[in-house]
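Shown next: run17.cif, containing mmCIF, C-alpha atoms.
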data_final
#
loop_
_atom_site.label_atom_id
_atom_site.label_comp_id
_atom_site.auth_asym_id
_atom_site.auth_seq_id
_atom_site.Cartn_x
_atom_site.Cartn_y
_atom_site.Cartn_z
CA MET T 1 0.00 0.00 0.00
CA SER T 2 1.73 3.11 -1.11
CA TYR T 3 0.43 6.62 -1.35
CA LEU T 4 1.19 7.25 -5.02
CA ASN T 5 0.43 3.81 -6.41
CA ILE T 6 -2.20 4.34 -9.12
CA ASP T 7 -3.66 0.87 -8.63
CA ASP T 8 -4.17 1.51 -4.93
CA ILE T 9 -5.85 4.82 -5.67
CA LEU T 10 -8.19 3.25 -8.24
CA ALA T 11 -8.92 0.28 -6.00
CA GLU T 12 -10.11 2.60 -3.25
CA GLU T 13 -12.76 4.00 -5.58
CA GLN T 14 -14.95 0.96 -4.80
CA LYS T 15 -18.37 2.26 -3.77
CA LEU T 16 -19.83 1.29 -0.42
CA SER T 17 -23.41 1.95 0.53
CA CYS T 18 -23.28 4.09 3.67
CA LYS T 19 -25.99 5.21 6.06
CA PHE T 20 -25.49 8.52 7.83
CA LEU T 21 -25.94 8.22 11.59
CA TYR T 22 -26.09 11.99 12.16
CA ASN T 23 -27.21 15.04 10.30
CA ALA T 24 -24.35 16.20 8.14
CA TYR T 25 -24.38 19.91 7.48
CA ASN T 26 -23.08 21.39 4.22
CA LEU T 27 -22.39 17.96 2.73
CA GLY T 28 -25.39 17.98 0.41
CA GLN T 29 -23.17 17.81 -2.65
CA LEU T 30 -22.31 14.20 -1.80
CA GLU T 31 -25.87 13.23 -2.56
CA GLU T 32 -26.51 13.09 -6.27
CA GLY T 33 -29.46 15.07 -7.53
CA SER T 34 -30.42 16.67 -4.28
CA ALA T 35 -30.80 20.41 -3.88
CA ASP T 36 -30.31 20.37 -0.11
CA THR T 37 -27.13 21.70 1.40
CA ASP T 38 -27.37 19.24 4.26
CA ILE T 39 -27.68 15.46 4.54
CA GLU T 40 -30.29 14.21 6.93
CA LYS T 41 -29.73 11.50 9.45
CA GLY T 42 -30.56 8.09 8.00
CA THR T 43 -29.89 8.87 4.33
CA LYS T 44 -28.18 6.16 2.32
CA ILE T 45 -25.44 7.25 -0.08
CA ASP T 46 -22.82 5.36 -2.06
CA LEU T 47 -19.44 6.59 -0.94
CA PRO T 48 -16.01 5.52 -2.19
CA TYR T 49 -14.05 3.30 0.16
CA TRP T 50 -11.48 5.93 1.09
CA LEU T 51 -14.17 8.30 2.28
CA ALA T 52 -16.37 5.67 3.89
CA TYR T 53 -13.35 4.35 5.76
CA VAL T 54 -12.60 7.66 7.44
CA LEU T 55 -16.23 8.44 8.23
CA ALA T 56 -16.96 4.97 9.58
CA LYS T 57 -13.92 4.96 11.82
CA LYS T 58 -15.21 8.18 13.39
CA GLY T 59 -18.60 6.62 13.87
CA LEU T 60 -20.40 9.04 11.55
CA VAL T 61 -21.74 6.52 9.04
CA SER T 62 -22.40 2.80 8.99
CA ALA T 63 -21.12 1.05 5.88
CA GLU T 64 -22.40 -2.05 4.12
CA MET T 65 -20.44 -4.68 2.25
CA PRO T 66 -20.63 -3.91 -1.51
CA THR T 67 -22.56 -6.38 -3.70
CA PRO T 68 -19.59 -8.24 -5.25
CA TYR T 69 -18.58 -9.23 -1.72
CA GLN T 70 -21.98 -10.47 -0.64
CA GLN T 71 -23.00 -14.09 -0.47
CA ASP T 72 -24.38 -14.40 -3.99
CA PHE T 73 -21.22 -13.52 -5.80
CA LYS T 74 -19.04 -15.27 -3.24
CA ASP T 75 -20.92 -18.52 -3.84
CA LYS T 76 -20.38 -18.23 -7.56
CA LEU T 77 -16.71 -17.53 -7.07
CA ILE T 78 -16.00 -20.40 -4.73
CA ALA T 79 -17.89 -22.85 -6.96
CA ASP T 80 -15.18 -22.49 -9.57
CA PRO T 81 -12.78 -19.58 -9.19
CA ASN T 82 -11.28 -20.09 -12.62
CA VAL T 83 -14.33 -19.48 -14.77
CA ILE T 84 -15.53 -16.19 -13.29
CA SER T 85 -14.62 -13.19 -15.41
CA MET T 86 -13.21 -10.35 -13.35
CA ARG T 87 -13.60 -7.87 -16.17
CA SER T 88 -16.01 -5.70 -14.18
CA HIS T 89 -14.18 -6.22 -10.87
CA GLN T 90 -10.70 -5.08 -11.78
CA TYR T 91 -9.56 -4.66 -8.20
CA TYR T 92 -11.48 -7.46 -6.57
CA ASP T 93 -8.53 -8.93 -4.70
CA LYS T 94 -6.92 -5.65 -3.76
CA ILE T 95 -9.97 -3.90 -2.35
CA GLY T 96 -11.11 -7.26 -0.96
CA THR T 97 -8.20 -7.42 1.45
CA MET T 98 -8.91 -3.85 2.54
CA LEU T 99 -12.60 -4.59 3.06
CA SER T 100 -11.99 -7.77 4.99
CA SER T 101 -9.85 -5.96 7.52
CA PHE T 102 -12.24 -2.99 7.52
CA PHE T 103 -15.24 -5.15 8.37
CA SER T 104 -13.12 -7.66 10.32
CA ASP T 105 -14.66 -10.30 8.06
CA ARG T 106 -12.58 -13.42 8.41
CA SER T 107 -14.67 -15.49 6.02
CA LEU T 108 -14.01 -12.98 3.24
CA ASN T 109 -10.32 -13.33 3.89
CA LEU T 110 -10.52 -17.08 3.60
CA LEU T 111 -12.48 -16.81 0.41
CA LEU T 112 -10.01 -14.36 -1.10
CA PHE T 113 -7.19 -16.67 -0.18
CA ARG T 114 -8.73 -19.74 -1.78
CA VAL T 115 -9.90 -17.91 -4.87
CA PHE T 116 -6.61 -16.20 -5.46
CA ARG T 117 -4.65 -19.37 -4.87
CA ASP T 118 -6.64 -21.31 -7.46
CA ARG T 119 -6.62 -18.52 -9.98
CA PHE T 120 -2.95 -17.86 -9.42
CA LEU T 121 -1.99 -21.46 -10.13
CA LYS T 122 -3.81 -21.32 -13.43
CA ILE T 123 -2.39 -17.95 -14.36
CA TYR T 124 1.11 -19.00 -13.44
CA ASN T 125 0.84 -22.04 -15.67
CA GLN T 126 -0.65 -20.07 -18.53
CA SER T 127 2.01 -17.40 -18.32
CA LEU T 128 4.74 -19.99 -18.76
CA ASN T 129 3.14 -22.13 -21.43
CA LEU T 130 0.95 -19.98 -23.65
CA ARG T 131 2.74 -19.12 -26.84
CA GLU T 132 1.46 -17.65 -30.09
CA THR T 133 -2.11 -17.68 -28.95
CA ASP T 134 -4.43 -14.74 -28.59
CA ILE T 135 -4.06 -13.74 -24.96
CA THR T 136 -6.25 -10.64 -25.02
CA LYS T 137 -9.34 -12.57 -24.01
CA ILE T 138 -7.60 -14.43 -21.22
CA VAL T 139 -6.00 -11.28 -19.91
CA GLY T 140 -9.30 -9.42 -20.10
CA ASN T 141 -10.86 -11.77 -17.56
CA MET T 142 -8.20 -11.11 -14.96
CA THR T 143 -8.00 -8.54 -12.23
CA ARG T 144 -5.29 -5.92 -12.45
CA LEU T 145 -3.10 -7.74 -9.98
CA GLU T 146 -3.43 -11.05 -11.78
CA ARG T 147 -2.64 -9.36 -15.04
CA ASN T 148 0.58 -8.00 -13.59
CA ILE T 149 1.58 -11.47 -12.51
CA PHE T 150 0.66 -12.91 -15.89
CA GLU T 151 2.58 -10.28 -17.80
CA ASN T 152 5.67 -10.75 -15.65
CA GLY T 153 5.69 -14.47 -16.26
CA TYR T 154 4.82 -14.14 -19.91
CA ARG T 155 7.56 -11.65 -20.54
CA SER T 156 10.23 -13.62 -18.74
CA SER T 157 9.41 -16.84 -20.52
CA ILE T 158 9.34 -15.11 -23.89
CA ASP T 159 12.74 -13.63 -23.08
CA TYR T 160 13.96 -17.08 -22.16
CA ASP T 161 12.68 -18.65 -25.39
CA LYS T 162 14.20 -15.89 -27.47
CA TRP T 163 17.50 -16.40 -25.78
CA ARG T 164 17.40 -20.18 -26.21
CA ASN T 165 16.73 -19.76 -29.91
CA ARG T 166 19.57 -17.25 -30.14
CA LYS T 167 17.40 -14.42 -31.29
CA GLY T 168 18.87 -12.00 -28.77
CA GLU T 169 21.82 -11.25 -30.99
CA LYS T 170 19.81 -9.06 -33.27
CA ILE T 171 19.25 -5.60 -31.92
CA GLU T 172 15.59 -4.71 -31.89
CA ARG T 173 13.73 -1.48 -31.54
CA ASN T 174 12.42 -0.85 -28.05
CA PRO T 175 8.64 -0.96 -28.43
CA ASN T 176 8.18 1.40 -25.47
CA ILE T 177 10.18 4.22 -26.95
CA ILE T 178 8.32 7.23 -28.27
CA PHE T 179 9.05 8.23 -31.83
CA PRO T 180 10.91 11.48 -32.43
CA VAL T 181 8.57 14.35 -33.18
CA ALA T 182 9.79 14.89 -36.75
CA SER T 183 8.92 11.44 -38.01
CA ARG T 184 5.56 11.59 -36.32
CA SER T 185 4.64 14.85 -38.06
CA SER T 186 5.73 13.46 -41.42
CA SER T 187 3.55 10.43 -40.91
CA VAL T 188 0.67 12.78 -40.15
CA ASN T 189 1.34 14.64 -43.39
CA ASN T 190 1.39 11.40 -45.28
CA SER T 191 -1.93 10.40 -43.86
CA ILE T 192 -3.40 13.78 -44.80
CA ASN T 193 -2.12 13.42 -48.35
CA SER T 194 -3.51 9.95 -48.67
CA ASN T 195 -6.80 11.26 -47.36
CA ASN T 196 -6.81 13.93 -50.02
CA ILE T 197 -6.12 11.40 -52.72
CA ASN T 198 -8.90 9.21 -51.49
CA SER T 199 -11.37 12.06 -51.30
CA SER T 200 -10.42 13.40 -54.73
CA SER T 201 -10.84 10.00 -56.32
CA THR T 202 -14.32 9.78 -54.92
CA GLN T 203 -15.22 13.19 -56.26
CA SER T 204 -16.66 13.67 -59.70
CA SER T 205 -14.51 13.41 -62.83
CA SER T 206 -14.40 17.19 -63.27
CA SER T 207 -11.70 17.56 -60.61
CA SER T 208 -9.51 14.95 -62.29
CA THR T 209 -9.68 16.82 -65.60
CA GLN T 210 -8.73 19.99 -63.73
CA SER T 211 -5.67 18.39 -62.21
CA SER T 212 -4.55 17.06 -65.59
CA GLN T 213 -4.96 20.51 -67.16
CA PRO T 214 -1.74 22.13 -65.83
CA LYS T 215 0.30 19.11 -66.96
CA LYS T 216 -0.88 19.49 -70.51
CA ASP T 217 0.01 23.19 -70.40
CA THR T 218 3.58 22.60 -69.36
CA VAL T 219 4.06 19.94 -72.01
CA LEU T 220 2.78 22.31 -74.65
CA LYS T 221 5.08 25.08 -73.43
CA LYS T 222 8.09 22.79 -73.57
CA ARG T 223 7.28 21.77 -77.12
CA LYS T 224 6.90 25.38 -78.08
CA ARG T 225 10.31 26.19 -76.65
CA ILE T 226 11.97 23.36 -78.53
CA PHE T 227 10.25 24.49 -81.72
CA ASP T 228 11.45 28.07 -81.17
CA ASP T 229 15.02 26.95 -80.64
CA GLU T 230 15.06 24.95 -83.83
CA SER T 231 13.76 27.78 -85.83
CA MET W 1 4.31 -3.14 -10.20
CA GLU W 2 5.85 -2.43 -13.59
CA GLU W 3 9.41 -3.21 -12.60
CA ASN W 4 10.80 -6.50 -13.70
CA ILE W 5 12.48 -8.34 -10.88
CA GLY W 6 15.66 -10.13 -11.80
CA LEU W 7 17.90 -10.26 -14.80
CA THR W 8 17.33 -10.89 -18.49
CA PRO W 9 18.62 -14.16 -19.96
CA ASN W 10 21.23 -12.19 -21.88
CA GLN W 11 22.58 -10.71 -18.69
CA ILE W 12 22.85 -14.15 -17.14
CA GLU W 13 24.65 -15.33 -20.24
CA PHE W 14 27.04 -12.44 -19.80
CA LEU W 15 27.84 -13.66 -16.28
CA ALA W 16 28.40 -17.20 -17.53
CA GLU W 17 30.79 -16.01 -20.23
CA ASP W 18 33.55 -15.71 -17.64
CA THR W 19 33.78 -19.47 -17.31
CA ILE W 20 37.15 -20.79 -18.34
CA ILE W 21 37.16 -23.20 -21.27
CA THR W 22 39.84 -24.92 -23.34
CA ILE W 23 40.40 -24.04 -26.98
CA VAL W 24 42.80 -25.25 -29.63
CA PRO W 25 43.93 -22.20 -31.60
CA ASN W 26 45.11 -22.36 -35.21
CA PHE W 27 47.05 -19.09 -35.16
CA LYS W 28 50.09 -17.71 -33.44
CA MET W 29 49.89 -14.80 -31.06
CA GLU W 30 51.43 -13.53 -27.83
CA SER W 31 49.41 -13.90 -24.65
CA LEU W 32 46.55 -11.49 -23.97
CA ILE W 33 46.57 -9.60 -20.69
CA PHE W 34 43.15 -8.76 -19.23
CA LEU W 35 42.02 -7.57 -15.83
CA SER W 36 40.98 -11.11 -14.99
CA GLY W 37 44.35 -12.59 -15.90
CA GLU W 38 46.69 -13.54 -18.65
CA TYR W 39 45.57 -15.87 -21.41
CA GLY W 40 47.87 -17.46 -23.92
CA PRO W 41 50.29 -17.53 -25.60
CA PHE W 42 48.46 -18.91 -28.60
CA ILE W 43 50.36 -21.53 -30.52
CA PRO W 44 48.67 -23.57 -33.28
CA SER W 45 47.26 -26.90 -32.02
CA PHE W 46 48.37 -26.29 -28.43
CA PRO W 47 45.34 -26.30 -26.09
CA VAL W 48 44.99 -23.12 -24.06
CA LYS W 49 42.50 -21.97 -21.43
CA VAL W 50 40.52 -18.80 -22.10
CA PRO W 51 37.22 -17.28 -20.95
CA LEU W 52 34.18 -18.47 -22.82
CA TRP W 53 33.48 -15.09 -24.43
CA LEU W 54 36.94 -15.04 -25.96
CA ALA W 55 36.55 -18.62 -27.15
CA VAL W 56 33.24 -17.85 -28.84
CA SER W 57 34.50 -14.71 -30.55
CA LEU W 58 37.64 -16.51 -31.78
CA LYS W 59 35.45 -19.32 -33.02
CA LYS W 60 33.36 -16.86 -34.98
CA LYS W 61 36.52 -15.69 -36.72
CA LYS W 62 37.44 -19.34 -37.35
CA LYS W 63 40.66 -18.96 -35.38
CA CYS W 64 40.19 -21.92 -33.07
CA ASN W 65 38.32 -25.10 -32.16
CA ILE W 66 36.58 -25.25 -28.82
CA VAL W 67 37.10 -28.30 -26.63
CA PRO W 68 33.72 -28.90 -25.00
CA PRO W 69 33.77 -29.45 -21.22
CA GLU W 70 33.74 -33.01 -19.91
CA TRP W 71 30.09 -32.96 -18.93
CA MET W 72 29.09 -32.20 -22.49
CA SER W 73 29.18 -35.88 -23.41
CA PHE W 74 26.30 -38.14 -24.24
CA ASP W 75 27.06 -40.66 -21.48
CA TYR W 76 27.21 -38.12 -18.69
CA LEU W 77 24.08 -36.32 -19.78
CA GLU W 78 22.15 -39.53 -20.16
CA GLN W 79 23.10 -40.47 -16.61
CA GLN W 80 21.86 -37.08 -15.42
CA TYR W 81 18.61 -37.51 -17.28
CA ILE W 82 17.97 -40.92 -15.73
CA GLN W 83 18.80 -39.49 -12.31
CA GLU W 84 16.51 -36.55 -12.90
CA ASN W 85 13.64 -38.89 -13.66
CA ARG W 86 14.37 -41.08 -10.69
CA VAL W 87 14.45 -38.31 -8.08
CA THR W 88 10.92 -37.05 -7.61
CA ASP W 89 11.17 -34.35 -4.97
CA GLY W 90 14.55 -32.81 -5.68
CA PHE W 91 16.81 -31.79 -8.49
CA VAL W 92 20.01 -33.28 -9.78
CA ASP W 93 23.19 -31.30 -9.31
CA LEU W 94 24.17 -30.06 -12.76
CA PRO W 95 27.45 -28.30 -13.57
CA ASP W 96 27.65 -24.55 -12.99
CA ASN W 97 25.99 -22.47 -15.69
CA PHE W 98 24.84 -25.63 -17.40
CA ILE W 99 22.14 -24.05 -19.53
CA GLU W 100 24.11 -21.00 -20.56
CA ILE W 101 27.29 -22.80 -21.57
CA SER W 102 25.54 -25.65 -23.35
CA THR W 103 23.32 -23.28 -25.31
CA MET W 104 26.24 -21.12 -26.35
CA LEU W 105 28.40 -24.03 -27.39
CA LEU W 106 25.63 -25.76 -29.29
CA SER W 107 24.96 -22.64 -31.31
CA SER W 108 28.54 -21.47 -31.86
CA CYS W 109 30.52 -24.68 -32.41
CA PRO W 110 28.25 -27.63 -33.19
CA GLU W 111 30.99 -29.24 -35.30
CA ASP W 112 33.35 -29.51 -32.30
CA ILE W 113 30.94 -31.63 -30.26
CA ASN W 114 30.45 -35.37 -30.68
CA ASP W 115 26.86 -36.55 -31.08
CA VAL W 116 25.59 -32.96 -31.31
CA ASN W 117 22.03 -33.82 -32.19
CA LYS W 118 21.70 -36.43 -29.48
CA ILE W 119 23.16 -34.05 -26.91
CA ARG W 120 20.96 -31.22 -28.05
CA SER W 121 17.77 -33.19 -27.64
CA LEU W 122 18.96 -34.69 -24.37
CA ILE W 123 19.63 -31.26 -22.88
CA GLU W 124 16.23 -30.14 -24.05
CA ASP W 125 14.69 -33.15 -22.30
CA ILE W 126 16.54 -32.51 -19.07
CA LEU W 127 15.48 -28.87 -18.99
CA ASN W 128 11.84 -29.66 -19.74
CA ARG W 129 11.81 -32.33 -17.10
CA ARG W 130 13.23 -29.97 -14.49
CA GLN W 131 10.84 -27.22 -15.44
CA SER W 132 7.80 -29.44 -15.11
CA LYS W 133 9.11 -30.84 -11.83
CA LEU W 134 9.51 -27.35 -10.47
CA ASN W 135 6.02 -26.34 -11.54
CA ASN W 136 4.51 -29.44 -10.03
CA SER W 137 6.23 -29.01 -6.72
CA LEU W 138 5.28 -25.35 -6.51
CA MET W 139 1.67 -26.22 -7.25
CA ASN W 140 1.51 -29.10 -4.86
CA HIS W 141 2.91 -26.91 -2.17
CA LEU W 142 0.26 -24.26 -2.68
CA GLN W 143 -2.60 -26.68 -3.08
CA SER W 144 -1.74 -28.56 0.07
CA LEU W 145 -1.89 -25.35 2.11
CA LYS W 146 -4.52 -25.30 4.81
CA ASP W 147 -6.45 -22.10 5.20
CA ASN W 148 -4.81 -20.92 8.42
CA GLU W 149 -1.47 -22.45 7.78
CA PRO W 150 1.16 -19.83 7.00
CA ILE W 151 3.05 -20.21 3.75
CA SER W 152 6.20 -21.98 4.77
CA THR W 153 9.62 -21.69 3.27
CA MET W 154 10.09 -23.71 0.13
CA GLU W 155 13.46 -25.11 -0.58
CA PHE W 156 14.85 -26.05 -3.97
CA LYS W 157 18.42 -27.13 -4.21
CA ASN W 158 20.58 -27.46 -7.30
CA PHE W 159 18.60 -24.96 -9.25
CA SER W 160 20.34 -22.75 -11.74
CA MET W 161 20.05 -19.01 -12.00
CA MET W 162 18.48 -19.19 -15.43
CA GLU W 163 15.74 -21.52 -14.25
CA ILE W 164 14.98 -19.41 -11.19
CA ASN W 165 14.92 -16.28 -13.22
CA ARG W 166 12.28 -17.66 -15.52
CA VAL W 167 9.71 -18.25 -12.80
CA ARG W 168 10.73 -15.68 -10.25
CA SER W 169 8.87 -12.55 -11.26
CA SER W 170 5.44 -14.12 -11.60
CA PHE W 171 5.74 -16.59 -8.77
CA VAL W 172 7.08 -14.25 -6.15
CA SER W 173 4.53 -11.55 -6.84
CA GLY W 174 1.74 -14.12 -6.56
CA ILE W 175 3.08 -15.59 -3.33
CA ASN W 176 3.50 -12.10 -1.92
CA HIS W 177 -0.15 -11.36 -2.45
CA LEU W 178 -1.20 -14.63 -0.83
CA TYR W 179 1.03 -13.76 2.07
CA LYS W 180 -0.54 -10.35 2.35
CA ILE W 181 -4.02 -11.84 2.62
CA GLN W 182 -2.86 -14.25 5.28
CA SER W 183 -1.00 -11.76 7.38
CA LEU W 184 -4.00 -9.42 7.33
CA ASP W 185 -6.02 -12.30 8.68
CA ASN W 186 -3.56 -12.89 11.49
CA ASN W 187 -3.44 -9.23 12.38
CA ASP W 188 -7.20 -9.12 12.74
CA ASN W 189 -7.06 -11.98 15.17
CA ASN W 190 -4.28 -10.46 17.19
CA SER W 191 -5.68 -6.98 17.61
CA ASN W 192 -9.37 -7.24 18.33
CA ASN W 193 -10.29 -3.71 17.45
CA ASN W 194 -7.87 -1.75 15.37
CA ASN W 195 -10.01 1.30 15.65
CA ASN W 196 -7.60 4.08 14.99
CA ASN W 197 -5.31 4.90 12.18
CA ILE W 198 -2.16 4.39 14.16
CA ASN W 199 -3.01 0.76 14.58
CA ARG W 200 -3.63 0.46 10.89
CA THR W 201 -0.28 1.85 9.87
CA GLN W 202 1.40 -0.50 12.30
CA SER W 203 -0.31 -3.47 10.79
CA ASN W 204 0.79 -2.28 7.39
CA SER W 205 4.41 -2.15 8.37
CA GLN W 206 4.06 -5.66 9.73
CA THR W 207 2.75 -6.97 6.46
CA ALA W 208 5.64 -5.27 4.71
CA SER W 209 8.25 -6.94 6.85
CA ARG W 210 6.55 -10.29 6.49
CA SER W 211 6.15 -10.11 2.78
CA ILE W 212 9.91 -9.83 2.53
CA TYR W 213 10.05 -13.11 4.39
CA SER W 214 7.81 -14.72 1.83
CA ASN W 215 10.46 -13.93 -0.74
CA THR W 216 12.70 -16.50 0.81
CA ILE W 217 11.78 -19.31 -1.44
CA ASN W 218 15.14 -20.92 -1.07
CA PHE W 219 16.62 -21.52 -4.44
CA SER W 220 20.19 -22.45 -3.84
CA LYS W 221 22.88 -22.57 -6.48
#

Would you kindly transcribe this structure into structure tokens?
Amino acid sequence: MSYLNIDDILAEEQKLSCKFLYNAYNLGQLEEGSADTDIEKGTKIDLPYWLAYVLAKKGLVSAEMPTPYQQDFKDKLIADPNVISMRSHQYYDKIGTMLSSFFSDRSLNLLLFRVFRDRFLKIYNQSLNLRETDITKIVGNMTRLERNIFENGYRSSIDYDKWRNRKGEKIERNPNIIFPVASRSSSVNNSINSNNINSSSTQSSSSSTQSSQPKKDTVLKKRKRIFDDES
Amino acid sequence: MEENIGLTPNQIEFLAEDTIITIVPNFKMESLIFLSGEYGPFIPSFPVKVPLWLAVSLKKKKKCNIVPPEWMSFDYLEQQYIQENRVTDGFVDLPDNFIEISTMLLSSCPEDINDVNKIRSLIEDILNRRQSKLNNSLMNHLQSLKDNEPISTMEFKNFSMMEINRVRSSFVSGINHLYKIQSLDNNDNNSNNNNNNINRTQSNSQTASRSIYSNTINFSK
């Protein structure tokens, strides 16, 4: 858990349904679509974890477990951890550990442990053995943390294979490097030109006759000059 | 999380290139003086000991023949392979920098090695066998974990740097997360109500110090 880690920051955006235990003055803006400046006692509002955490620790609100951590979804997960797609729960494991200590929910901890262990074994195996297959779908069903693990393993085993096949001797372009500005602008120009060509070809034939007109003129002029010289 | 833990295979190869190996030069030259020592003098058809990197670069210029190390023979490797299959929960002790040296020699001087093709496929077999053994033992270890049981130290002997490096980054980061979940669990049991923030930061520092411990999957050698 570090202060500037972008994954930690995004993980803490998980919404928790919170009930205010007191009247909260001048906090009306937290409630969507309400014109009041104050929040009345007993109102339920979805607050992000980082805010709910602070308020709940001070005893100002009471928080509820968010839906992905309630029994329904937990049952599905534990039935077979490997088939559930985590596409819409990108930080399930990360925020899960925070929530389990926040609510002192030991069963959630156990569940997270089992689920992550099973998923991790599969991911670990895949990262070492998948080669030349489309991984976008597999990676899409992982949480952010799992994806990091997968990419680490995938990269290191690709490096290893490359080295074994003696492909490391060729110097390659670093894919992460940003192109110099000049070449980028020229590529933009090229694309503009090609756009123009495309658009002109789709236009009516009149434009094409116009563009061929100046060519004819220069050819005629040249001929005239040659004729003049001879004479 | 973007940083890649460990070295690249090419860096490990670089380390292995300092191994001393025997060559038979076919040119005449005075001895070369490097920081690591003096190599030579080079007299045609007199064996001389040089670092592997020098041997490979001379070989590329067709200035020498490399004498492969003793373990690079079919008999020895076959023995190792049989051993490797026999031992189920450990690994056979292979020569230092086995993978690096054998890969380099097989690619740079295949004509200097007897039974090249047999050796090549045998080495491939040994490596695959070891890799699958490692994966199996890692998996068995994790699957046999009870829910409250802390992740214990795993010990793998006779494992080369290249093999560790291949699995390290993904495996360690996964184990670290498992450890984090577990240590949170233990902290909750220890401190009944960690109501204030001070308690929370303390528990965080504890997880940090413990997660370092989980890095000690003992790969030796």

- Note on the structure: Among T:Asp118, T:Asp8, T:Asp46, T:Asp105, Val83 (chain T) is approached most closely, using only C-alpha atoms, by T:Asp118

For the interface of chain W with chain T (cut-off 6 Å, counting only C-alpha atoms), please tabulate each contacting residue of chain W alongside its nearest pair of atoms and their separation in Å to one decimal, rows sorted by chain and increasing number, as a tab-separated table.
residue	atom	partner	partner_atom	distance
W:Pro9	CA	T:Tyr160	CA	5.9
W:Arg166	CA	T:Ser156	CA	5.6
W:Ser169	CA	T:Asn152	CA	5.7
W:Ser170	CA	T:Gly153	CA	4.7

Set out as a Markdown table a contact list for region 60-179 of chain W and region 11-23 of chain W with a cut-off of 6 Å, giving each residue of region 60-179 of chain W that qualifies its closest atom pair and distance in Å to one decimal, counting only C-alpha atoms, ordered by chain and rising residue number.
| residue | atom | partner | partner_atom | distance |
| --- | --- | --- | --- | --- |
| W:Asn65 | CA | W:Ile23 | CA | 5.7 |
| W:Ile66 | CA | W:Ile23 | CA | 4.4 |
| W:Val67 | CA | W:Ile23 | CA | 5.4 |
| W:Glu100 | CA | W:Glu13 | CA | 5.7 |

Hey, what's within 7 Å of Val61 (chain T) if we count all atoms listed in the file and toss same-chain stuff fewer than 2 positions away? As a PDB file with C-alpha atoms, keeping the file's coordinate frame, please?
ATOM      1  CA  CYS T  18     -23.280   4.090   3.670  1.00  0.00           C
ATOM      2  CA  LYS T  19     -25.990   5.210   6.060  1.00  0.00           C
ATOM      3  CA  PHE T  20     -25.490   8.520   7.830  1.00  0.00           C
ATOM      4  CA  LEU T  21     -25.940   8.220  11.590  1.00  0.00           C
ATOM      5  CA  LEU T  55     -16.230   8.440   8.230  1.00  0.00           C
ATOM      6  CA  ALA T  56     -16.960   4.970   9.580  1.00  0.00           C
ATOM      7  CA  GLY T  59     -18.600   6.620  13.870  1.00  0.00           C
ATOM      8  CA  ALA T  63     -21.120   1.050   5.880  1.00  0.00           C
TER       9      ALA T  63
END

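As for CA of Phe156 (chain W) and CA of Asn136 (chain W), they are spaced 12.5 Å apart.
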
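In this comparison, which uses all atoms listed in the file, the residue of W:Lys59, W:Thr8, W:Ile164, W:Tyr39 approaching Pro25 (chain W) most closely is W:Lys59.
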
- Using the chain letters and numbers from the file, which residues does the PyMOL selection byres ((chain W and resi 29) around 10) grab, as a count of residues only? 12

- Message: For this structure, which residues satisfy the selection - the PyMOL selection byres ((chain W and resi 93) around 12) - when it is evaluated on the file as given? I want them as a PyMOL selection string.
- Response: chain W and resi 71+77+79-81+83-84+87+90-92+94-98+126+130+156-160+220-221

- Message: With distances taken over all atoms listed in the file, which residue among W:Ser121, W:Thr153, W:Ser45, W:Asn85 lies nearest Lys133 (chain W)?
- Response: W:Asn85

- By how many Å are CA of Ser108 (chain W) and CA of Leu134 (chain W) apart? 29.2 Å

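Interatomic distance, CA of Tyr49 (chain T) against CA of Glu64 (chain T): 10.7 Å.
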
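The closest residue to Lys118 (chain W), picked from W:Ser73, W:Ser144, W:Ser152, W:Ser132 and counting only C-alpha atoms, is W:Ser73.
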
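Minimum distance to Ile151 (chain W) across W:Tyr76, W:Trp53, W:Phe46, W:Tyr179 (counting all atoms listed in the file) occurs at W:Tyr179.
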
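This file, filtered with the PyMOL selection byres ((chain W and resi 113-117) around 9), gives the residues W:Ile66, W:Val67, W:Pro68, W:Met72, W:Ser73, W:Phe74, W:Leu105, W:Leu106, W:Cys109, W:Pro110, W:Glu111, W:Asp112, W:Lys118, W:Ile119, W:Arg120, W:Ser121, W:Leu122.
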